[in-house]
Amino acid sequence: MTGDKLSGELHLTDLLGLPPSHWLILICHLSFVICHFPLAMDDELGTLQSEALAEIANAQNVIELDQVRVKYLGRSGLISKLSESMRSLPKEDRPRVGKLLNEVRSALDRAFADKSEAFAAQQDLVALDDLDETLPASPVRVGALHPLTQLQDQAIRIFRRLGFTMAAGPDIETEWHCFDALNTPPNHPARNESDTFYFPDGRLLRTHTSTVQIRTMVADVPPIRVIAPGGAYRRDEMDATHLSQFNQLEGLYVDKRVTVADLKGTLEYFVRELLGPKVETRMRPHFFPFTEPSLEMDVRLPGVNAGKWMELLGCGMVDPAVFEQVNQRRGDQAYDPEAWTGYAFGMGLDRLAMALFGLPDIRLLIENDQRFLAQFNS
Ligand code: PHE
């Protein structure tokens, strides 16, 4: 700080180098400086503030503004020099000058912040100058559920309202779950290698979702009320109406005194909810090894499939022989055929989708052609 006029310090050696006649003058001078220095510093701060504010206002760009900032607020800038020289002030003046210094510093801080914000806003304006917000945005392609999934979800929702819960089983099954437990004799044609995909270990790809009836009853005691949507597999040649993998929705209801009337009422309600009040239904006698009696249900919708009857599902009352198989596997009499009765049904969702959506070829459902799928994006 030596030699700094603001410091107010004077070294003894400076005095000693002078003739004694000058001492008095110097000491007078010195006391004047010491007494007046605090006020001089007030003035200096005032001047510094107005000069700095003017320079900030005049800065033409960010670079100039930064130069001004370094000059005043930088680590060895004017403000920090001033605050260092405060140390040489008389004790009683320090708080006041210190406060003043802080006020100047924050006034400058604020001015710098305001000015750089103004520069940023200006830059934004320039950047957005040629932006035309009236131009149409680039389209967002929204995906949609596959039509089969939409149909399946709709069906599930209807059965949910009737108190059915979801059940599931594996696609790779044992022969017992797929055939034996379902009362299918060893010589039944469905068991042929030409109809069913077998694995070398004897397991197979389930040919229907009725396997889930068995898995549910082996695991749980009655009453039972479940639906099981899922894939099924048959060794069909693929063509416009056949796939080797298709989708079924299975249902099983076991309780006391369940009758064909319950089955018919439930399915008719389901079909009306799904296809609307104009749909006609009919039931035909049929045969399945695991239901007795067995039926098939057809539907006819005006305007769909040229108003032709369409086979929708197979169904029937659970054959007591199935209950016996389940009891044997469980090792109890939970499904005593004298106490419990039940119905089951299974429908093919792919054929239904074909008829509903007017599809000329079932393969459209598995080809993943965006032109086809996009039509179901409602
Ligand atoms: N599993 C039969 C089929 O795939 C449908 C069915 C299910 C029939 C339940 C009766 C009871 O054709």
# chains A, B, ... in the order shown; residues from 1 in each chain; ligands from 1
$ residues_around --residues "segment 181-192 of chain A" --least-positions-apart "3" --cutoff "12 Å" --atoms "only C-alpha atoms" --output "PyMOL selection string"
chain A and resi 174-178+195-198+202-215+217-218+233-236+287-292+318-330+344
$ write_last_selection --atoms "N, CA and C atoms" --output "CSV table (one decimal), in the first residue's frame"
chain,number,residue,atom,x,y,z
A,174,THR,N,-48.7,-79.6,-21.2
A,174,THR,CA,-48.6,-81.1,-21.1
A,174,THR,C,-49.8,-81.7,-21.9
A,175,GLU,N,-49.6,-82.9,-22.3
A,175,GLU,CA,-50.7,-83.6,-23.0
A,175,GLU,C,-51.9,-83.8,-22.0
A,176,TRP,N,-51.5,-84.0,-20.7
A,176,TRP,CA,-52.6,-84.2,-19.7
A,176,TRP,C,-53.5,-83.0,-19.6
A,177,HIS,N,-52.9,-81.7,-19.5
A,177,HIS,CA,-53.7,-80.6,-19.4
A,177,HIS,C,-54.5,-80.3,-20.7
A,178,CYS,N,-53.9,-80.6,-21.8
A,178,CYS,CA,-54.5,-80.2,-23.1
A,178,CYS,C,-55.6,-81.2,-23.5
A,195,ASP,N,-52.1,-82.5,-36.5
A,195,ASP,CA,-52.9,-81.4,-36.1
A,195,ASP,C,-52.3,-80.5,-35.0
A,196,THR,N,-51.3,-81.1,-34.3
A,196,THR,CA,-50.8,-80.4,-33.1
A,196,THR,C,-49.3,-80.4,-33.2
A,197,PHE,N,-48.7,-79.3,-32.7
A,197,PHE,CA,-47.3,-79.1,-32.6
A,197,PHE,C,-46.8,-79.8,-31.4
A,198,TYR,N,-46.0,-80.8,-31.5
A,198,TYR,CA,-45.4,-81.5,-30.3
A,198,TYR,C,-43.9,-81.2,-30.2
A,202,GLY,N,-42.5,-84.5,-25.6
A,202,GLY,CA,-43.9,-84.9,-25.4
A,202,GLY,C,-44.8,-83.8,-25.1
A,203,ARG,N,-44.3,-82.6,-24.7
A,203,ARG,CA,-45.1,-81.5,-24.5
A,203,ARG,C,-45.6,-80.9,-25.8
A,204,LEU,N,-46.5,-80.0,-25.8
A,204,LEU,CA,-47.1,-79.5,-27.0
A,204,LEU,C,-47.5,-78.0,-26.9
A,205,LEU,N,-47.7,-77.4,-28.1
A,205,LEU,CA,-48.3,-76.0,-28.0
A,205,LEU,C,-49.8,-76.2,-27.9
A,206,ARG,N,-50.4,-75.6,-26.8
A,206,ARG,CA,-51.8,-75.8,-26.6
A,206,ARG,C,-52.7,-75.6,-27.8
A,207,THR,N,-53.6,-76.5,-28.0
A,207,THR,CA,-54.5,-76.4,-29.2
A,207,THR,C,-55.7,-75.5,-28.9
A,208,HIS,N,-55.9,-75.3,-27.6
A,208,HIS,CA,-57.0,-74.4,-27.2
A,208,HIS,C,-56.7,-73.9,-25.8
A,209,THR,N,-57.5,-72.8,-25.4
A,209,THR,CA,-57.2,-72.2,-24.1
A,209,THR,C,-58.0,-73.0,-23.0
A,210,SER,N,-58.7,-74.1,-23.4
A,210,SER,CA,-59.4,-74.9,-22.3
A,210,SER,C,-58.4,-75.5,-21.3
A,211,THR,N,-57.2,-75.5,-21.6
A,211,THR,CA,-56.2,-76.0,-20.6
A,211,THR,C,-56.2,-75.1,-19.4
A,212,VAL,N,-56.6,-73.8,-19.5
A,212,VAL,CA,-56.7,-72.9,-18.4
A,212,VAL,C,-57.8,-73.3,-17.4
A,213,GLN,N,-58.9,-73.9,-18.0
A,213,GLN,CA,-60.0,-74.5,-17.1
A,213,GLN,C,-59.3,-75.4,-16.1
A,214,ILE,N,-58.5,-76.4,-16.6
A,214,ILE,CA,-57.9,-77.4,-15.8
A,214,ILE,C,-57.0,-76.8,-14.8
A,215,ARG,N,-56.1,-75.9,-15.2
A,215,ARG,CA,-55.1,-75.3,-14.3
A,215,ARG,C,-55.8,-74.5,-13.2
A,217,MET,N,-58.9,-75.0,-12.0
A,217,MET,CA,-59.6,-75.9,-11.0
A,217,MET,C,-58.6,-76.7,-10.1
A,218,VAL,N,-57.4,-77.1,-10.7
A,218,VAL,CA,-56.4,-77.8,-9.9
A,218,VAL,C,-55.9,-76.8,-8.8
A,233,TYR,N,-52.7,-72.9,-30.8
A,233,TYR,CA,-51.8,-73.3,-32.0
A,233,TYR,C,-52.4,-74.6,-32.6
A,234,ARG,N,-52.5,-74.6,-33.9
A,234,ARG,CA,-52.9,-75.8,-34.6
A,234,ARG,C,-52.1,-75.9,-35.9
A,235,ARG,N,-51.8,-77.1,-36.3
A,235,ARG,CA,-51.0,-77.3,-37.5
A,235,ARG,C,-51.8,-77.1,-38.8
A,236,ASP,N,-52.4,-76.0,-39.0
A,236,ASP,CA,-53.2,-75.7,-40.2
A,236,ASP,C,-52.3,-75.1,-41.2
A,287,PHE,N,-70.5,-81.2,-30.4
A,287,PHE,CA,-69.8,-82.2,-29.5
A,287,PHE,C,-68.4,-81.7,-29.1
A,288,PHE,N,-68.2,-81.6,-27.8
A,288,PHE,CA,-66.8,-81.5,-27.3
A,288,PHE,C,-66.6,-82.5,-26.2
A,289,PRO,N,-65.4,-83.1,-26.2
A,289,PRO,CA,-65.2,-84.2,-25.2
A,289,PRO,C,-65.4,-83.7,-23.7
A,290,PHE,N,-65.2,-82.4,-23.5
A,290,PHE,CA,-65.1,-81.9,-22.1
A,290,PHE,C,-66.4,-81.2,-21.7
A,291,THR,N,-67.4,-81.1,-22.5
A,291,THR,CA,-68.7,-80.5,-22.1
A,291,THR,C,-69.8,-81.5,-22.5
A,292,GLU,N,-70.9,-81.5,-21.7
A,292,GLU,CA,-72.0,-82.3,-21.9
A,292,GLU,C,-73.3,-81.7,-21.3
A,318,VAL,N,-69.8,-78.3,-18.1
A,318,VAL,CA,-68.6,-79.0,-17.8
A,318,VAL,C,-68.9,-80.5,-17.6
A,319,ASP,N,-68.2,-81.3,-18.3
A,319,ASP,CA,-68.5,-82.8,-18.2
A,319,ASP,C,-68.0,-83.3,-16.8
A,320,PRO,N,-68.9,-84.1,-16.1
A,320,PRO,CA,-68.5,-84.6,-14.8
A,320,PRO,C,-67.1,-85.3,-14.9
A,321,ALA,N,-66.8,-85.9,-16.0
A,321,ALA,CA,-65.5,-86.6,-16.2
A,321,ALA,C,-64.4,-85.7,-16.0
A,322,VAL,N,-64.5,-84.4,-16.4
A,322,VAL,CA,-63.5,-83.4,-16.2
A,322,VAL,C,-63.3,-83.1,-14.7
A,323,PHE,N,-64.4,-83.0,-14.0
A,323,PHE,CA,-64.3,-82.8,-12.5
A,323,PHE,C,-63.6,-83.9,-11.9
A,324,GLU,N,-63.9,-85.1,-12.3
A,324,GLU,CA,-63.2,-86.3,-11.7
A,324,GLU,C,-61.7,-86.3,-11.9
A,325,GLN,N,-61.3,-85.9,-13.2
A,325,GLN,CA,-59.8,-85.8,-13.5
A,325,GLN,C,-59.2,-84.8,-12.6
A,326,VAL,N,-59.9,-83.6,-12.4
A,326,VAL,CA,-59.3,-82.6,-11.5
A,326,VAL,C,-59.2,-83.1,-10.1
A,327,ASN,N,-60.3,-83.7,-9.6
A,327,ASN,CA,-60.3,-84.2,-8.2
A,327,ASN,C,-59.1,-85.2,-8.0
A,328,GLN,N,-58.9,-86.0,-9.0
A,328,GLN,CA,-57.8,-87.0,-8.9
A,328,GLN,C,-56.5,-86.3,-8.8
A,329,ARG,N,-56.3,-85.3,-9.6
A,329,ARG,CA,-55.0,-84.6,-9.6
A,329,ARG,C,-54.8,-83.8,-8.3
A,330,ARG,N,-55.9,-83.2,-7.8
A,330,ARG,CA,-55.9,-82.5,-6.5
A,330,ARG,C,-55.8,-83.4,-5.3
A,344,ALA,N,-68.7,-73.8,-19.6
A,344,ALA,CA,-67.4,-73.3,-20.1
A,344,ALA,C,-67.7,-72.9,-21.6
$ closest_residue --among "A:Phe376, A:Gly358, A:Leu312, A:Thr341" --to "ligand 1" --atoms "only C-alpha atoms and all ligand atoms"
A:Leu312
$ residues_around --residues "segment 64-69 of chain A" --least-positions-apart "5" --cutoff "8 Å" --atoms "only C-alpha atoms" --output "list in words"
Ala52, Glu55, Ile56, Ala59, Gly74, Phe112 and Ser116 of chain A
$ atom_distance --atom1 "atom CA of Ala155 of chain A" --atom2 "atom CA of Gly230 of chain A"
12.6 Å
$ atom_distance --atom1 "atom CA of Lys264 of chain A" --atom2 "atom CA of Ala232 of chain A"
24.6 Å
$ residues_around --residues "Leu274 of chain A" --least-positions-apart "6" --cutoff "12 Å" --atoms "only C-alpha atoms" --output "list in words"
Gln150, Leu151, Gln152, Asp153, Gln154, Ala155, Ile156, Arg157, Ile158, Phe159, Leu267, Glu268, Val299, Leu301, Leu352, Ala353 and Leu356 of chain A
$ closest_residue --among "A:Trp340, A:Tyr253, A:Phe119, A:Phe164" --to "ligand 1" --atoms "only C-alpha atoms and all ligand atoms"
A:Tyr253
$ select_by_dssp --residues "segment 194-329 of chain A" --states "alpha helix (DSSP H)" --output "ChimeraX atom specification"
/A:211-219,260-275,320-329
